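Encoded as structure tokens, the structure appears first; notes follow it.
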Amino acid sequence: MLKRLMLSIFVLLGIVYVANSPTHASATTSGLSGSPALTSRVKSTPPKDLPLNTPLVFMGFSEKESFLGYLGLSVSLNWNYLHMEHDADAAKEIYIEDAGNGRVYLRSGKADWKGYDYVAISSQGFLYLGLKDYAATFAVSGVDDAKNSNYRFYEFFDKDFRGLGMYGDFATIGKGTTFAAWKLVPMPNSTQKLNGQS
């Protein structure tokens, strides 16, 4: 009887410990272009070829390399959450800015509200445009695009090394987020057209 009681107590303590132990969110790994998981290649400094302070378009791709759309940064649609635009003409320019300590900020070049142009992460994990005081900093890793040598796929990680991906039509990080790799394309002028599969 005593043995059963002791065993029950140990089993109960084990269940309580497991239930209350901290969860370690890990970024989703990628099979893109036959490359090893990007998460193992996150470095303490941004990749040397990362186009800092250049107007860019973020094109999202799924783990199977299906084109997801363009990252939209307009705060007038869906309040100020970042979402995917499926029309190339609606793509907004985004800048990557050095945040120091090997990390970067993401910033909108066409924010609708003055001063609210830095990407931040809400308590629910949704990305939105806010003040620089609340801006998120990201670690970046990249691999070559096997289909087009002029491009690389990048993955962005928050301070907890959770990958920036998608939840429905919104850009998110954390629970519920599905994988996305980002192809950074120079912002075209008005006479050029973007091609999602280029």
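By order of appearance in the structure tokens: chains A, B, ..., then residues from 1 within every chain, and ligands from 1 in the order shown.
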Using DSSP on the backbone coordinates, identify all residues within region 148-193 of chain A classified as strand (DSSP E); present the result as a PDB file with N, CA, C and O atoms, in the first residue's frame.
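Output contents, as saved in selection_5.pdb:
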```
ATOM      1  N   ARG A 152      18.558  34.974 -52.826  1.00  0.00           N
ATOM      2  CA  ARG A 152      18.736  34.127 -51.654  1.00  0.00           C
ATOM      3  C   ARG A 152      17.431  34.106 -50.877  1.00  0.00           C
ATOM      4  O   ARG A 152      16.657  35.055 -50.928  1.00  0.00           O
ATOM      5  N   PHE A 153      17.187  33.008 -50.184  1.00  0.00           N
ATOM      6  CA  PHE A 153      16.081  32.928 -49.248  1.00  0.00           C
ATOM      7  C   PHE A 153      16.601  33.302 -47.871  1.00  0.00           C
ATOM      8  O   PHE A 153      17.681  32.852 -47.461  1.00  0.00           O
ATOM      9  N   TYR A 154      15.852  34.119 -47.157  1.00  0.00           N
ATOM     10  CA  TYR A 154      16.238  34.522 -45.811  1.00  0.00           C
ATOM     11  C   TYR A 154      15.176  34.095 -44.821  1.00  0.00           C
ATOM     12  O   TYR A 154      13.991  34.001 -45.149  1.00  0.00           O
ATOM     13  N   GLU A 155      15.602  33.850 -43.597  1.00  0.00           N
ATOM     14  CA  GLU A 155      14.674  33.589 -42.510  1.00  0.00           C
ATOM     15  C   GLU A 155      15.012  34.573 -41.395  1.00  0.00           C
ATOM     16  O   GLU A 155      16.180  34.823 -41.115  1.00  0.00           O
ATOM     17  N   PHE A 156      13.986  35.125 -40.775  1.00  0.00           N
ATOM     18  CA  PHE A 156      14.131  36.122 -39.721  1.00  0.00           C
ATOM     19  C   PHE A 156      13.663  35.519 -38.402  1.00  0.00           C
ATOM     20  O   PHE A 156      12.623  34.856 -38.354  1.00  0.00           O
ATOM     21  N   PHE A 157      14.443  35.753 -37.342  1.00  0.00           N
ATOM     22  CA  PHE A 157      14.157  35.173 -36.034  1.00  0.00           C
ATOM     23  C   PHE A 157      14.054  36.270 -34.977  1.00  0.00           C
ATOM     24  O   PHE A 157      14.855  37.203 -34.975  1.00  0.00           O
ATOM     25  N   LEU A 164       9.967  34.029 -38.310  1.00  0.00           N
ATOM     26  CA  LEU A 164       8.915  34.882 -38.831  1.00  0.00           C
ATOM     27  C   LEU A 164       8.231  34.160 -39.983  1.00  0.00           C
ATOM     28  O   LEU A 164       8.850  33.834 -40.985  1.00  0.00           O
ATOM     29  N   GLY A 165       6.931  33.892 -39.810  1.00  0.00           N
ATOM     30  CA  GLY A 165       6.178  33.176 -40.842  1.00  0.00           C
ATOM     31  C   GLY A 165       4.789  33.751 -40.992  1.00  0.00           C
ATOM     32  O   GLY A 165       4.592  34.957 -40.887  1.00  0.00           O
ATOM     33  N   MET A 166       3.802  32.865 -41.216  1.00  0.00           N
ATOM     34  CA  MET A 166       2.452  33.321 -41.528  1.00  0.00           C
ATOM     35  C   MET A 166       1.412  32.622 -40.653  1.00  0.00           C
ATOM     36  O   MET A 166       1.577  31.476 -40.260  1.00  0.00           O
ATOM     37  N   TYR A 167       0.346  33.360 -40.352  1.00  0.00           N
ATOM     38  CA  TYR A 167      -0.850  32.776 -39.751  1.00  0.00           C
ATOM     39  C   TYR A 167      -2.011  33.311 -40.581  1.00  0.00           C
ATOM     40  O   TYR A 167      -2.361  34.487 -40.475  1.00  0.00           O
ATOM     41  N   PHE A 170      -1.690  36.873 -42.293  1.00  0.00           N
ATOM     42  CA  PHE A 170      -0.920  37.811 -41.488  1.00  0.00           C
ATOM     43  C   PHE A 170       0.475  37.282 -41.181  1.00  0.00           C
ATOM     44  O   PHE A 170       0.678  36.076 -41.029  1.00  0.00           O
ATOM     45  N   ALA A 171       1.425  38.191 -41.066  1.00  0.00           N
ATOM     46  CA  ALA A 171       2.792  37.836 -40.673  1.00  0.00           C
ATOM     47  C   ALA A 171       2.827  37.693 -39.160  1.00  0.00           C
ATOM     48  O   ALA A 171       2.376  38.585 -38.440  1.00  0.00           O
ATOM     49  N   THR A 172       3.335  36.577 -38.682  1.00  0.00           N
ATOM     50  CA  THR A 172       3.338  36.291 -37.243  1.00  0.00           C
ATOM     51  C   THR A 172       4.627  35.612 -36.817  1.00  0.00           C
ATOM     52  O   THR A 172       5.413  35.147 -37.635  1.00  0.00           O
ATOM     53  N   ILE A 173       4.760  35.529 -35.510  1.00  0.00           N
ATOM     54  CA  ILE A 173       5.871  34.806 -34.884  1.00  0.00           C
ATOM     55  C   ILE A 173       5.297  34.078 -33.676  1.00  0.00           C
ATOM     56  O   ILE A 173       4.431  34.607 -32.993  1.00  0.00           O
ATOM     57  N   ALA A 181       9.766  31.449 -45.946  1.00  0.00           N
ATOM     58  CA  ALA A 181      11.097  31.963 -46.278  1.00  0.00           C
ATOM     59  C   ALA A 181      10.875  33.229 -47.078  1.00  0.00           C
ATOM     60  O   ALA A 181       9.873  33.366 -47.787  1.00  0.00           O
ATOM     61  N   TRP A 182      11.797  34.161 -46.973  1.00  0.00           N
ATOM     62  CA  TRP A 182      11.615  35.468 -47.586  1.00  0.00           C
ATOM     63  C   TRP A 182      12.683  35.727 -48.632  1.00  0.00           C
ATOM     64  O   TRP A 182      13.870  35.631 -48.356  1.00  0.00           O
ATOM     65  N   LYS A 183      12.233  36.030 -49.830  1.00  0.00           N
ATOM     66  CA  LYS A 183      13.134  36.443 -50.900  1.00  0.00           C
ATOM     67  C   LYS A 183      13.090  37.964 -50.923  1.00  0.00           C
ATOM     68  O   LYS A 183      12.019  38.568 -51.033  1.00  0.00           O
ATOM     69  N   LEU A 184      14.236  38.613 -50.792  1.00  0.00           N
ATOM     70  CA  LEU A 184      14.310  40.072 -50.746  1.00  0.00           C
ATOM     71  C   LEU A 184      14.643  40.590 -52.137  1.00  0.00           C
ATOM     72  O   LEU A 184      15.725  40.324 -52.663  1.00  0.00           O
ATOM     73  N   VAL A 185      13.710  41.323 -52.715  1.00  0.00           N
ATOM     74  CA  VAL A 185      13.859  41.788 -54.088  1.00  0.00           C
ATOM     75  C   VAL A 185      13.931  43.309 -54.089  1.00  0.00           C
ATOM     76  O   VAL A 185      13.125  43.962 -53.422  1.00  0.00           O
ATOM     77  N   PRO A 186      14.895  43.909 -54.803  1.00  0.00           N
ATOM     78  CA  PRO A 186      14.949  45.375 -54.871  1.00  0.00           C
ATOM     79  C   PRO A 186      13.614  45.938 -55.343  1.00  0.00           C
ATOM     80  O   PRO A 186      12.982  45.394 -56.242  1.00  0.00           O
TER      81      PRO A 186
END
```
Original post:
What lies within 12 Å of Leu127 (chain A) using only C-alpha atoms, ignoring chain neighbours under 2 positions off, as a PyMOL selection string?
Top reply: chain A and resi 71-75+78-84+106-107+117-125+129-130+134-137+158+164-167+169-174+177
Original post:
To one decimal place, how far is CA of Thr178 (chain A) from CA of Leu50 (chain A) in Å?
Top reply: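 So the answer is 23.5 Å.
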Subject >> Backbone-only DSSP, helix (DSSP H, G or I) members of region 44-190 of chain A, as a PyMOL selection string >> reply: chain A and resi 88-90+132-134
Write out, as a PDB file, in the first residue's frame, the residues just selected, with C-alpha atoms.
```pdb
ATOM      1  CA  ALA A  88       2.415  42.976 -57.048  1.00  0.00           C
ATOM      2  CA  ASP A  89       1.243  46.550 -57.547  1.00  0.00           C
ATOM      3  CA  ALA A  90       0.291  46.706 -53.850  1.00  0.00           C
ATOM      4  CA  LYS A 132      10.910  52.612 -32.858  1.00  0.00           C
ATOM      5  CA  ASP A 133      10.816  52.353 -29.042  1.00  0.00           C
ATOM      6  CA  TYR A 134       8.804  49.128 -29.449  1.00  0.00           C
TER       7      TYR A 134
END
```
Subject >> Å distance separating CA of Asn53 (chain A) from CA of Ser108 (chain A), one decimal place >> reply: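 Atom-to-atom, CA of Asn53 (chain A) and CA of Ser108 (chain A) are spaced 10.9 Å apart.
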Original post:
Of the candidates A:Gly102, A:Gly168, A:Pro55, A:Gly60, which shows the shortest atom-to-atom distance to Pro188 (chain A), using only C-alpha atoms?
Top reply: A:Pro55
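If you look at CA of Ala180 (chain A) and CA of Phe61 (chain A), they are 5.4 Å away from each other.
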Original post:
Which residue, A:Lys92, A:Lys175, A:Lys110, A:His86, has the smallest gap to Val57 (chain A) when you use only C-alpha atoms?
Top reply: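 Among the listed residues, A:Lys92 lies closest to Val57 (chain A).
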